[in-house]
$ cat input.cif   # mmCIF, C-alpha atoms
data_upload
loop_
_atom_site.label_atom_id
_atom_site.label_comp_id
_atom_site.auth_asym_id
_atom_site.auth_seq_id
_atom_site.Cartn_x
_atom_site.Cartn_y
_atom_site.Cartn_z
CA MET W 1 -16.02 -18.06 -60.38
CA ALA W 2 -19.30 -16.51 -59.31
CA GLU W 3 -19.84 -19.63 -57.20
CA ALA W 4 -16.46 -19.20 -55.52
CA ALA W 5 -17.13 -15.54 -54.76
CA ARG W 6 -20.47 -16.41 -53.24
CA ARG W 7 -18.90 -19.05 -51.05
CA ARG W 8 -16.45 -16.46 -49.75
CA GLY W 9 -19.46 -14.29 -48.82
CA ARG W 10 -18.75 -11.60 -51.40
CA PRO W 11 -21.74 -10.08 -53.19
CA ARG W 12 -22.32 -11.26 -56.73
CA ALA W 13 -22.46 -8.63 -59.40
CA GLY W 14 -26.13 -8.16 -60.28
CA ALA W 15 -27.38 -9.50 -56.96
CA ALA W 16 -28.12 -6.06 -55.54
CA ALA W 17 -31.70 -6.09 -56.84
CA ASP W 18 -32.29 -9.50 -55.26
CA ARG W 19 -30.95 -8.32 -51.93
CA ARG W 20 -33.03 -5.15 -52.06
CA THR W 21 -36.11 -7.26 -52.71
CA ALA W 22 -35.20 -9.66 -49.89
CA ILE W 23 -34.72 -6.74 -47.49
CA LEU W 24 -38.04 -5.14 -48.47
CA ARG W 25 -39.84 -8.46 -48.04
CA ALA W 26 -38.21 -9.00 -44.64
CA ALA W 27 -39.03 -5.43 -43.61
CA SER W 28 -42.71 -5.82 -44.55
CA ALA W 29 -42.95 -9.05 -42.56
CA GLU W 30 -41.09 -7.66 -39.54
CA PHE W 31 -43.07 -4.38 -39.48
CA ALA W 32 -46.33 -6.33 -39.74
CA GLU W 33 -45.37 -8.68 -36.90
CA ALA W 34 -43.53 -6.38 -34.51
CA GLY W 35 -45.10 -2.99 -35.29
CA TYR W 36 -43.13 0.09 -36.23
CA ASP W 37 -41.53 0.67 -32.84
CA GLY W 38 -40.87 -3.03 -32.19
CA ALA W 39 -39.22 -3.76 -35.54
CA THR W 40 -35.44 -3.29 -35.44
CA MET W 41 -33.00 -2.95 -38.31
CA ARG W 42 -31.09 -5.87 -36.79
CA ALA W 43 -34.14 -8.17 -36.84
CA ILE W 44 -34.98 -7.18 -40.42
CA ALA W 45 -31.39 -7.89 -41.47
CA ALA W 46 -31.47 -11.29 -39.76
CA ARG W 47 -34.75 -12.13 -41.52
CA ALA W 48 -33.29 -11.11 -44.89
CA ASP W 49 -30.04 -12.91 -44.06
CA VAL W 50 -27.88 -9.85 -44.80
CA ASP W 51 -25.58 -7.62 -42.80
CA PRO W 52 -27.44 -4.77 -40.99
CA ALA W 53 -25.04 -2.31 -42.63
CA LEU W 54 -26.55 -3.22 -46.00
CA LEU W 55 -29.98 -1.98 -44.85
CA HIS W 56 -28.52 1.43 -44.08
CA HIS W 57 -26.53 1.37 -47.29
CA TYR W 58 -29.57 0.67 -49.47
CA PHE W 59 -32.33 2.44 -47.56
CA GLY W 60 -30.96 4.86 -44.93
CA THR W 61 -32.96 5.08 -41.69
CA LYS W 62 -35.74 2.85 -40.38
CA ALA W 63 -38.21 5.56 -41.47
CA ASP W 64 -36.83 5.37 -45.02
CA LEU W 65 -37.02 1.59 -45.02
CA PHE W 66 -40.65 1.76 -43.84
CA ALA W 67 -41.51 4.21 -46.62
CA ALA W 68 -39.86 1.89 -49.14
CA ALA W 69 -41.62 -1.18 -47.71
CA VAL W 70 -45.08 0.42 -47.97
CA ASP W 71 -44.03 1.98 -51.30
CA VAL W 72 -45.16 5.49 -50.34
CA PRO W 73 -42.57 8.29 -50.40
CA LEU W 74 -43.18 9.46 -46.83
CA ARG W 75 -40.30 11.53 -45.48
CA PRO W 76 -41.39 13.16 -42.21
CA ASP W 77 -37.75 13.24 -41.09
CA ILE W 78 -37.05 15.71 -43.92
CA GLU W 79 -40.44 17.34 -44.51
CA ILE W 80 -41.43 18.16 -40.92
CA PRO W 81 -38.27 20.15 -40.12
CA ARG W 82 -38.59 21.92 -43.48
CA LEU W 83 -42.23 22.89 -42.85
CA LEU W 84 -41.50 23.95 -39.27
CA ALA W 85 -38.47 26.01 -40.29
CA GLY W 86 -40.41 28.83 -42.01
CA PRO W 87 -42.16 31.73 -40.29
CA ARG W 88 -44.66 30.66 -37.60
CA GLU W 89 -47.55 32.73 -38.94
CA GLY W 90 -47.74 30.74 -42.19
CA LEU W 91 -47.22 27.29 -40.68
CA GLY W 92 -50.79 25.97 -40.99
CA GLU W 93 -51.12 27.05 -44.61
CA ARG W 94 -47.70 25.58 -45.50
CA VAL W 95 -48.64 22.23 -43.96
CA VAL W 96 -52.00 22.05 -45.75
CA ARG W 97 -50.48 23.17 -49.07
CA TYR W 98 -47.74 20.56 -48.77
CA VAL W 99 -50.21 17.78 -47.94
CA VAL W 100 -52.66 18.69 -50.73
CA GLU W 101 -49.97 19.19 -53.38
CA THR W 102 -48.32 15.90 -52.42
CA TRP W 103 -51.58 13.93 -52.53
CA ASP W 104 -52.82 15.67 -55.68
CA ASP W 105 -49.95 13.95 -57.50
CA PRO W 106 -51.55 10.85 -59.08
CA HIS W 107 -48.64 8.50 -58.30
CA PHE W 108 -48.49 9.47 -54.63
CA ARG W 109 -52.28 9.43 -54.35
CA ARG W 110 -52.60 5.90 -55.71
CA ARG W 111 -50.05 4.52 -53.26
CA GLY W 112 -51.23 6.73 -50.40
CA VAL W 113 -54.88 5.75 -50.74
CA ALA W 114 -53.90 2.06 -50.82
CA LEU W 115 -51.89 2.52 -47.61
CA LEU W 116 -54.74 4.47 -46.02
CA ARG W 117 -57.27 1.78 -46.91
CA THR W 118 -55.04 -0.85 -45.32
CA ALA W 119 -54.41 1.26 -42.23
CA VAL W 120 -58.03 2.18 -41.56
CA GLY W 121 -59.53 -0.97 -43.05
CA ASN W 122 -58.04 -3.39 -40.53
CA ARG W 123 -56.69 -3.29 -37.03
CA ALA W 124 -53.19 -4.63 -37.78
CA GLY W 125 -52.66 -2.02 -40.48
CA SER W 126 -53.77 0.72 -38.07
CA GLY W 127 -51.16 -0.13 -35.47
CA LEU W 128 -48.32 -0.12 -37.95
CA LEU W 129 -49.08 3.24 -39.55
CA VAL W 130 -49.90 4.86 -36.21
CA GLY W 131 -46.60 3.60 -34.79
CA PHE W 132 -44.77 5.18 -37.70
CA LEU W 133 -46.68 8.47 -37.49
CA SER W 134 -46.38 8.71 -33.69
CA ARG W 135 -42.66 8.14 -33.73
CA GLU W 136 -41.64 10.04 -36.84
CA LEU W 137 -44.25 12.77 -37.09
CA LEU W 138 -46.13 13.59 -33.85
CA THR W 139 -43.00 13.54 -31.71
CA ARG W 140 -41.15 15.89 -34.04
CA VAL W 141 -44.07 18.28 -34.32
CA ALA W 142 -44.82 18.25 -30.57
CA GLU W 143 -41.18 18.99 -29.73
CA ALA W 144 -41.11 21.86 -32.18
CA ILE W 145 -44.31 23.55 -31.01
CA GLY W 146 -43.70 22.96 -27.28
CA GLY W 147 -46.10 23.65 -24.40
CA GLU W 148 -47.94 21.37 -21.98
CA ASP W 149 -50.51 19.99 -24.42
CA ALA W 150 -48.20 19.94 -27.46
CA ARG W 151 -48.78 16.26 -28.20
CA LEU W 152 -52.56 16.61 -27.95
CA ARG W 153 -52.47 19.63 -30.26
CA ALA W 154 -50.23 17.76 -32.68
CA SER W 155 -52.60 14.78 -32.69
CA LEU W 156 -55.58 17.09 -33.36
CA ALA W 157 -53.68 18.57 -36.31
CA ALA W 158 -52.98 15.02 -37.48
CA SER W 159 -56.71 14.24 -37.19
CA GLN W 160 -57.57 17.15 -39.52
CA ILE W 161 -54.90 16.06 -41.99
CA VAL W 162 -56.14 12.45 -41.86
CA GLY W 163 -59.73 13.62 -42.28
CA LEU W 164 -58.78 15.88 -45.18
CA VAL W 165 -56.95 13.05 -46.91
CA VAL W 166 -59.74 10.52 -46.29
CA ALA W 167 -62.46 12.94 -47.41
CA ARG W 168 -60.67 14.37 -50.47
CA TYR W 169 -58.82 11.30 -51.77
CA ALA W 170 -60.19 8.07 -50.30
CA VAL W 171 -63.97 8.51 -50.01
CA ARG W 172 -64.12 11.66 -52.20
CA ILE W 173 -66.65 13.89 -50.48
CA GLU W 174 -67.73 16.70 -52.83
CA PRO W 175 -67.11 19.56 -53.26
CA LEU W 176 -63.98 19.03 -51.14
CA ALA W 177 -62.63 16.40 -53.54
CA SER W 178 -62.73 18.84 -56.47
CA ALA W 179 -61.84 22.08 -54.67
CA SER W 180 -58.67 23.90 -55.74
CA VAL W 181 -55.51 23.74 -53.64
CA ASP W 182 -55.97 27.42 -52.74
CA GLU W 183 -59.54 26.90 -51.54
CA VAL W 184 -58.52 24.01 -49.30
CA VAL W 185 -55.50 25.92 -47.96
CA ALA W 186 -57.64 28.98 -47.19
CA LEU W 187 -60.17 26.92 -45.20
CA ALA W 188 -58.04 24.22 -43.55
CA GLY W 189 -54.81 26.23 -43.09
CA PRO W 190 -56.11 28.28 -40.14
CA THR W 191 -57.30 25.05 -38.47
CA ILE W 192 -53.80 23.56 -38.48
CA GLN W 193 -52.40 26.96 -37.48
CA ARG W 194 -54.69 27.10 -34.44
CA TYR W 195 -53.92 23.54 -33.36
CA LEU W 196 -50.17 23.99 -33.65
CA VAL W 197 -49.60 27.63 -32.74
CA GLY W 198 -52.78 28.71 -30.92
CA ASP W 199 -55.43 31.27 -31.77
CA PRO W 200 -54.25 33.93 -34.22
CA PRO W 201 -54.24 37.56 -33.11
CA PRO W 202 -57.42 39.37 -34.20
CA SER W 203 -57.05 40.98 -37.62
CA GLY W 204 -59.22 42.95 -40.02
CA PRO W 205 -60.76 41.27 -43.07
CA MET I 1 -104.69 -22.88 -42.54
CA ALA I 2 -101.36 -21.06 -42.42
CA GLU I 3 -100.72 -22.46 -45.87
CA ALA I 4 -104.04 -21.10 -47.15
CA ALA I 5 -103.36 -17.65 -45.65
CA ARG I 6 -99.94 -17.57 -47.30
CA ARG I 7 -101.43 -18.50 -50.62
CA ARG I 8 -103.85 -15.60 -50.31
CA GLY I 9 -100.83 -13.30 -49.67
CA ARG I 10 -101.71 -12.50 -46.09
CA PRO I 11 -98.87 -12.27 -43.57
CA ARG I 12 -98.54 -15.19 -41.21
CA ALA I 13 -98.58 -14.44 -37.49
CA GLY I 14 -94.97 -14.58 -36.26
CA ALA I 15 -93.58 -13.91 -39.70
CA ALA I 16 -92.77 -10.25 -38.90
CA ALA I 17 -89.21 -11.07 -37.82
CA ASP I 18 -88.67 -13.03 -41.05
CA ARG I 19 -89.95 -10.15 -43.14
CA ARG I 20 -87.80 -7.65 -41.24
CA THR I 21 -84.77 -9.82 -41.91
CA ALA I 22 -85.70 -10.23 -45.58
CA ILE I 23 -86.10 -6.45 -45.94
CA LEU I 24 -82.76 -5.74 -44.25
CA ARG I 25 -81.01 -8.28 -46.45
CA ALA I 26 -82.64 -6.81 -49.57
CA ALA I 27 -81.73 -3.29 -48.43
CA SER I 28 -78.07 -4.23 -47.89
CA ALA I 29 -77.88 -5.81 -51.33
CA GLU I 30 -79.68 -2.93 -53.05
CA PHE I 31 -77.62 -0.22 -51.29
CA ALA I 32 -74.41 -2.06 -52.18
CA GLU I 33 -75.39 -2.40 -55.83
CA ALA I 34 -77.16 0.88 -56.53
CA GLY I 35 -75.51 3.20 -53.99
CA TYR I 36 -77.42 5.29 -51.48
CA ASP I 37 -78.96 7.70 -53.98
CA GLY I 38 -79.71 5.02 -56.56
CA ALA I 39 -81.42 2.59 -54.19
CA THR I 40 -85.18 3.12 -54.00
CA MET I 41 -87.64 1.87 -51.41
CA ARG I 42 -89.60 0.33 -54.30
CA ALA I 43 -86.60 -1.68 -55.56
CA ILE I 44 -85.79 -2.87 -52.04
CA ALA I 45 -89.40 -3.96 -51.54
CA ALA I 46 -89.35 -5.83 -54.86
CA ARG I 47 -86.14 -7.58 -53.89
CA ALA I 48 -87.61 -8.59 -50.52
CA ASP I 49 -90.88 -9.54 -52.20
CA VAL I 50 -92.97 -7.35 -49.88
CA ASP I 51 -95.21 -4.34 -50.29
CA PRO I 52 -93.26 -1.01 -50.20
CA ALA I 53 -95.62 0.18 -47.46
CA LEU I 54 -94.16 -2.49 -45.19
CA LEU I 55 -90.71 -0.90 -45.44
CA HIS I 56 -92.08 2.39 -44.18
CA HIS I 57 -94.11 0.59 -41.54
CA TYR I 58 -91.11 -1.27 -40.14
CA PHE I 59 -88.27 1.20 -40.74
CA GLY I 60 -89.58 4.68 -41.57
CA THR I 61 -87.55 6.65 -44.13
CA LYS I 62 -84.80 5.46 -46.48
CA ALA I 63 -82.27 7.02 -44.07
CA ASP I 64 -83.70 4.94 -41.23
CA LEU I 65 -83.60 1.79 -43.33
CA PHE I 66 -79.97 2.49 -44.24
CA ALA I 67 -79.06 2.96 -40.56
CA ALA I 68 -80.80 -0.32 -39.75
CA ALA I 69 -79.11 -2.12 -42.64
CA VAL I 70 -75.61 -1.03 -41.55
CA ASP I 71 -76.67 -1.54 -37.91
CA VAL I 72 -75.42 1.85 -36.76
CA PRO I 73 -77.92 4.22 -35.14
CA LEU I 74 -77.23 7.16 -37.47
CA ARG I 75 -80.03 9.72 -37.40
CA PRO I 76 -78.88 12.86 -39.22
CA ASP I 77 -82.50 13.66 -40.08
CA ILE I 78 -83.14 14.14 -36.35
CA GLU I 79 -79.73 15.09 -34.97
CA ILE I 80 -78.67 17.73 -37.49
CA PRO I 81 -81.75 19.93 -37.04
CA ARG I 82 -81.44 19.53 -33.25
CA LEU I 83 -77.76 20.59 -33.28
CA LEU I 84 -78.41 23.47 -35.66
CA ALA I 85 -81.38 24.72 -33.64
CA GLY I 86 -79.38 26.07 -30.66
CA PRO I 87 -77.50 29.40 -30.51
CA ARG I 88 -75.01 29.89 -33.37
CA GLU I 89 -72.07 30.78 -31.12
CA GLY I 90 -71.97 27.32 -29.52
CA LEU I 91 -72.60 25.29 -32.69
CA GLY I 92 -69.06 23.92 -33.19
CA GLU I 93 -68.74 22.80 -29.60
CA ARG I 94 -72.21 21.19 -29.63
CA VAL I 95 -71.38 19.23 -32.78
CA VAL I 96 -68.04 17.97 -31.42
CA ARG I 97 -69.55 17.10 -28.02
CA TYR I 98 -72.38 15.20 -29.70
CA VAL I 99 -69.98 13.25 -31.95
CA VAL I 100 -67.55 12.40 -29.15
CA GLU I 101 -70.23 11.43 -26.64
CA THR I 102 -71.96 9.26 -29.25
CA TRP I 103 -68.78 7.46 -30.28
CA ASP I 104 -67.49 7.12 -26.71
CA ASP I 105 -70.44 4.79 -26.12
CA PRO I 106 -68.97 1.28 -26.54
CA HIS I 107 -71.92 -0.16 -28.47
CA PHE I 108 -72.02 2.68 -30.99
CA ARG I 109 -68.23 2.70 -31.27
CA ARG I 110 -68.02 -1.00 -32.09
CA ARG I 111 -70.58 -0.72 -34.87
CA GLY I 112 -69.32 2.67 -36.04
CA VAL I 113 -65.70 1.56 -36.33
CA ALA I 114 -66.79 -1.52 -38.29
CA LEU I 115 -68.75 0.70 -40.70
CA LEU I 116 -65.84 3.13 -40.96
CA ARG I 117 -63.39 0.32 -41.74
CA THR I 118 -65.68 -0.92 -44.50
CA ALA I 119 -66.22 2.58 -45.88
CA VAL I 120 -62.57 3.60 -45.98
CA GLY I 121 -61.16 0.11 -46.50
CA ASN I 122 -62.71 -0.47 -49.91
CA ARG I 123 -64.02 1.59 -52.76
CA ALA I 124 -67.55 0.18 -52.86
CA GLY I 125 -68.02 0.87 -49.15
CA SER I 126 -66.83 4.44 -49.63
CA GLY I 127 -69.40 5.28 -52.25
CA LEU I 128 -72.27 3.99 -50.18
CA LEU I 129 -71.45 5.87 -46.98
CA VAL I 130 -70.54 9.04 -48.87
CA GLY I 131 -73.85 8.86 -50.72
CA PHE I 132 -75.69 8.63 -47.42
CA LEU I 133 -73.68 11.43 -45.78
CA SER I 134 -73.93 13.74 -48.80
CA ARG I 135 -77.66 13.37 -49.06
CA GLU I 136 -78.67 13.23 -45.41
CA LEU I 137 -75.98 15.31 -43.71
CA LEU I 138 -74.06 17.73 -45.97
CA THR I 139 -77.15 18.96 -47.75
CA ARG I 140 -78.96 19.67 -44.49
CA VAL I 141 -75.96 21.43 -42.95
CA ALA I 142 -75.17 23.45 -46.08
CA GLU I 143 -78.79 24.65 -46.36
CA ALA I 144 -78.79 25.69 -42.71
CA ILE I 145 -75.52 27.65 -42.79
CA GLY I 146 -76.11 29.25 -46.20
CA GLY I 147 -73.66 31.31 -48.26
CA GLU I 148 -71.89 30.72 -51.55
CA ASP I 149 -69.37 28.15 -50.29
CA ALA I 150 -71.72 26.49 -47.77
CA ARG I 151 -71.26 23.00 -49.20
CA LEU I 152 -67.48 23.31 -49.27
CA ARG I 153 -67.49 24.53 -45.66
CA ALA I 154 -69.82 21.71 -44.65
CA SER I 155 -67.53 19.16 -46.32
CA LEU I 156 -64.50 20.61 -44.51
CA ALA I 157 -66.38 20.27 -41.22
CA ALA I 158 -67.20 16.68 -42.20
CA SER I 159 -63.50 16.08 -42.92
CA GLN I 160 -62.57 17.19 -39.38
CA ILE I 161 -65.28 14.99 -37.89
CA VAL I 162 -64.18 12.02 -40.01
CA GLY I 163 -60.55 12.65 -39.05
CA LEU I 164 -61.45 12.96 -35.38
CA VAL I 165 -63.38 9.70 -35.49
CA VAL I 166 -60.67 7.85 -37.45
CA ALA I 167 -57.88 9.16 -35.19
CA ARG I 168 -59.65 8.71 -31.83
CA TYR I 169 -61.61 5.49 -32.43
CA ALA I 170 -60.32 3.56 -35.45
CA VAL I 171 -56.53 3.97 -35.49
CA ARG I 172 -56.32 5.38 -31.93
CA ILE I 173 -53.69 8.11 -32.14
CA GLU I 174 -52.57 9.11 -28.63
CA PRO I 175 -53.08 11.28 -26.68
CA LEU I 176 -56.21 12.11 -28.72
CA ALA I 177 -57.67 8.62 -28.16
CA SER I 178 -57.51 9.03 -24.36
CA ALA I 179 -58.28 12.76 -24.06
CA SER I 180 -61.41 13.78 -22.14
CA VAL I 181 -64.55 14.91 -23.95
CA ASP I 182 -63.98 18.45 -22.66
CA GLU I 183 -60.40 18.57 -23.99
CA VAL I 184 -61.50 17.44 -27.44
CA VAL I 185 -64.44 19.87 -27.46
CA ALA I 186 -62.19 22.78 -26.43
CA LEU I 187 -59.71 22.09 -29.25
CA ALA I 188 -61.91 20.83 -32.09
CA GLY I 189 -65.07 22.86 -31.33
CA PRO I 190 -63.65 26.15 -32.68
CA THR I 191 -62.57 24.34 -35.87
CA ILE I 192 -66.10 23.21 -36.65
CA GLN I 193 -67.39 26.63 -35.60
CA ARG I 194 -65.05 28.38 -38.07
CA TYR I 195 -65.94 26.02 -40.92
CA LEU I 196 -69.68 26.37 -40.40
CA VAL I 197 -70.13 29.92 -39.16
CA GLY I 198 -66.91 31.72 -40.12
CA ASP I 199 -64.18 33.33 -38.07
CA PRO I 200 -65.28 34.30 -34.57
CA PRO I 201 -65.14 37.98 -33.60
CA PRO I 202 -61.91 38.82 -31.76
CA SER I 203 -62.31 38.45 -28.01
CA GLY I 204 -60.08 38.82 -24.97
CA PRO I 205 -58.72 35.76 -23.18
#

$ encode --input "input.cif" --output "structure tokens"
Amino acid sequence: MAEAARRRGRPRAGAAADRRTAILRAASAEFAEAGYDGATMRAIAARADVDPALLHHYFGTKADLFAAAVDVPLRPDIEIPRLLAGPREGLGERVVRYVVETWDDPHFRRRGVALLRTAVGNRAGSGLLVGFLSRELLTRVAEAIGGEDARLRASLAASQIVGLVVARYAVRIEPLASASVDEVVALAGPTIQRYLVGDPPPSGP
Amino acid sequence: MAEAARRRGRPRAGAAADRRTAILRAASAEFAEAGYDGATMRAIAARADVDPALLHHYFGTKADLFAAAVDVPLRPDIEIPRLLAGPREGLGERVVRYVVETWDDPHFRRRGVALLRTAVGNRAGSGLLVGFLSRELLTRVAEAIGGEDARLRASLAASQIVGLVVARYAVRIEPLASASVDEVVALAGPTIQRYLVGDPPPSGP
């Protein structure tokens, strides 16, 4: 009976895990070959030999599928709007606190450092992660902050976040690697604030 | 006759290049095994089967030998004091301009990116470069700027420099990768200034 159902193209019970795995494998291959922007949900579906609707059903957007394929819970589509939604004066500190608290979590850190090593360690990996970050993160941030040099400011903020993550989690420069969340937020928060929002108004100590 | 000279332990004429190569190979192996702090000039000399004095004669300090072994002209022992020597108010901009102008040079960039990929791409590489930077760079900078959290501030400045270099040269995030030196200095200079010297006094536009 299972055989008959399969021949009629209906999903077998219990085959969902197989299909998920096939989709993830196809997504990894397609992202690696075509880059983040070049990879389409349609091409990934064709590679996995499933209906494109299944990709959306299991994984959501292309950004979600990418996060699942690299096995790092990156959700800029949700997190960026959330971080940008609060009051402007605390934006830099919120961003740094979010990044540090996320990466301080051992599970995220393990996966994140592995992704970072791949991305920085070889040219192909670079292109893929940068494509993802440009499309899903820099564009969102630049649109939100506005102004002529918004994208340059957003990419400078990204450079400080990348540097913070590399220094604290990947290569572990001390005492930054062991500093408390509050210490890092107090020092790096104003940097992100300045890049994204401009110089703060002068204030007393 | 050459044979006799060798047996008496005297260097052959024309053997300098061979000895240089042997020392560099021994240095690479010793740095990789023992880390930057753990590697000694004596151990490297023993590995290369030469007198320790020869290492100093050919390469100078341990920092110089490291730079030669990784084939990147890193000279923090010279550059850091030079950058710190000028007026305090322009320190951040001087540091960023020096970094960007150095890495914009194609020869340095090629070697620097290769070293960066090794350092971030795998754990062993990380330890070695971080050992070098901690000893030769952070310590010098922290001593020069002073204050209770000098080392933390110096490591934050290093994180922005690392992030700038990764974003502009290794993974090439646009528009940061194509921005002019002056644009990068104007945006990132005040960040380094704040980390190293503290918040600037309020000033009009």

$ residues_around --input "input.cif" --residues "Ala177 of chain I" --least-positions-apart "3" --cutoff "8 Å" --atoms "all atoms listed in the file" --output "PDB file with C-alpha atoms, keeping the file's coordinate frame"
ATOM      1  CA  ALA I 167     -57.880   9.160 -35.190  1.00  0.00           C
ATOM      2  CA  ARG I 168     -59.650   8.710 -31.830  1.00  0.00           C
ATOM      3  CA  TYR I 169     -61.610   5.490 -32.430  1.00  0.00           C
ATOM      4  CA  ARG I 172     -56.320   5.380 -31.930  1.00  0.00           C
ATOM      5  CA  ILE I 173     -53.690   8.110 -32.140  1.00  0.00           C
ATOM      6  CA  GLU I 174     -52.570   9.110 -28.630  1.00  0.00           C
TER       7      GLU I 174
END

$ resolve_selection --input "input.cif" --expression "the PyMOL selection byres ((chain I) within 8 of (chain W))" --output "PDB file with C-alpha atoms, in the frame of the given file"
ATOM      1  CA  LEU I 116     -65.840   3.130 -40.960  1.00  0.00           C
ATOM      2  CA  ARG I 117     -63.390   0.320 -41.740  1.00  0.00           C
ATOM      3  CA  THR I 118     -65.680  -0.920 -44.500  1.00  0.00           C
ATOM      4  CA  ALA I 119     -66.220   2.580 -45.880  1.00  0.00           C
ATOM      5  CA  VAL I 120     -62.570   3.600 -45.980  1.00  0.00           C
ATOM      6  CA  GLY I 121     -61.160   0.110 -46.500  1.00  0.00           C
ATOM      7  CA  ASN I 122     -62.710  -0.470 -49.910  1.00  0.00           C
ATOM      8  CA  ARG I 123     -64.020   1.590 -52.760  1.00  0.00           C
ATOM      9  CA  SER I 126     -66.830   4.440 -49.630  1.00  0.00           C
ATOM     10  CA  GLY I 127     -69.400   5.280 -52.250  1.00  0.00           C
ATOM     11  CA  VAL I 130     -70.540   9.040 -48.870  1.00  0.00           C
ATOM     12  CA  SER I 134     -73.930  13.740 -48.800  1.00  0.00           C
ATOM     13  CA  ARG I 151     -71.260  23.000 -49.200  1.00  0.00           C
ATOM     14  CA  LEU I 152     -67.480  23.310 -49.270  1.00  0.00           C
ATOM     15  CA  ARG I 153     -67.490  24.530 -45.660  1.00  0.00           C
ATOM     16  CA  SER I 155     -67.530  19.160 -46.320  1.00  0.00           C
ATOM     17  CA  LEU I 156     -64.500  20.610 -44.510  1.00  0.00           C
ATOM     18  CA  ALA I 158     -67.200  16.680 -42.200  1.00  0.00           C
ATOM     19  CA  SER I 159     -63.500  16.080 -42.920  1.00  0.00           C
ATOM     20  CA  GLN I 160     -62.570  17.190 -39.380  1.00  0.00           C
ATOM     21  CA  ILE I 161     -65.280  14.990 -37.890  1.00  0.00           C
ATOM     22  CA  VAL I 162     -64.180  12.020 -40.010  1.00  0.00           C
ATOM     23  CA  GLY I 163     -60.550  12.650 -39.050  1.00  0.00           C
ATOM     24  CA  LEU I 164     -61.450  12.960 -35.380  1.00  0.00           C
ATOM     25  CA  VAL I 166     -60.670   7.850 -37.450  1.00  0.00           C
ATOM     26  CA  ALA I 167     -57.880   9.160 -35.190  1.00  0.00           C
ATOM     27  CA  ALA I 170     -60.320   3.560 -35.450  1.00  0.00           C
ATOM     28  CA  VAL I 171     -56.530   3.970 -35.490  1.00  0.00           C
ATOM     29  CA  ARG I 172     -56.320   5.380 -31.930  1.00  0.00           C
ATOM     30  CA  ILE I 173     -53.690   8.110 -32.140  1.00  0.00           C
ATOM     31  CA  GLU I 174     -52.570   9.110 -28.630  1.00  0.00           C
ATOM     32  CA  PRO I 175     -53.080  11.280 -26.680  1.00  0.00           C
ATOM     33  CA  LEU I 176     -56.210  12.110 -28.720  1.00  0.00           C
ATOM     34  CA  ALA I 179     -58.280  12.760 -24.060  1.00  0.00           C
ATOM     35  CA  LEU I 187     -59.710  22.090 -29.250  1.00  0.00           C
ATOM     36  CA  ALA I 188     -61.910  20.830 -32.090  1.00  0.00           C
ATOM     37  CA  THR I 191     -62.570  24.340 -35.870  1.00  0.00           C
ATOM     38  CA  TYR I 195     -65.940  26.020 -40.920  1.00  0.00           C
ATOM     39  CA  PRO I 201     -65.140  37.980 -33.600  1.00  0.00           C
ATOM     40  CA  PRO I 202     -61.910  38.820 -31.760  1.00  0.00           C
ATOM     41  CA  SER I 203     -62.310  38.450 -28.010  1.00  0.00           C
TER      42      SER I 203
END

$ residues_around --input "input.cif" --residues "Gly38 of chain W" --least-positions-apart "2" --cutoff "12 Å" --atoms "all atoms listed in the file" --output "PyMOL selection string"
chain W and resi 27+30-36+40-44+62+127-128+131-132+135

$ resolve_selection --input "input.cif" --expression "the PyMOL selection byres ((chain I and resi 65-82) around 9)" --output "PyMOL selection string"
chain I and resi 23-25+27-28+31+36+55-56+58-64+83-86+95+108+111-112+115+132-133+136-137+140-141+144

$ atom_distance --input "input.cif" --atom1 "atom CA of Thr102 of chain I" --atom2 "atom CA of Val197 of chain I"
23.0 Å

$ axis_aligned_box --input "input.cif" --around "segment 150-156 of chain W" --padding-each-side "5 Å" --output "AutoDock Vina command-line options"
--center_x -51.9 --center_y 17.4 --center_z -30.4 --size_x 17.4 --size_y 15.2 --size_z 15.9

$ atom_distance --input "input.cif" --atom1 "atom CA of Pro106 of chain W" --atom2 "atom CA of Arg94 of chain W"
20.4 Å

$ atom_distance --input "input.cif" --atom1 "atom CA of Ala22 of chain W" --atom2 "atom CA of Ala48 of chain W"
5.5 Å

$ residues_near_point --input "input.cif" --point "(-68.4, 19.5, -26.3)" --cutoff "7 Å" --atoms "all atoms listed in the file" --output "list in words"
Glu93, Arg94, Val96, Arg97, Tyr98, Val181, Asp182, Val185 and Gly189 of chain I
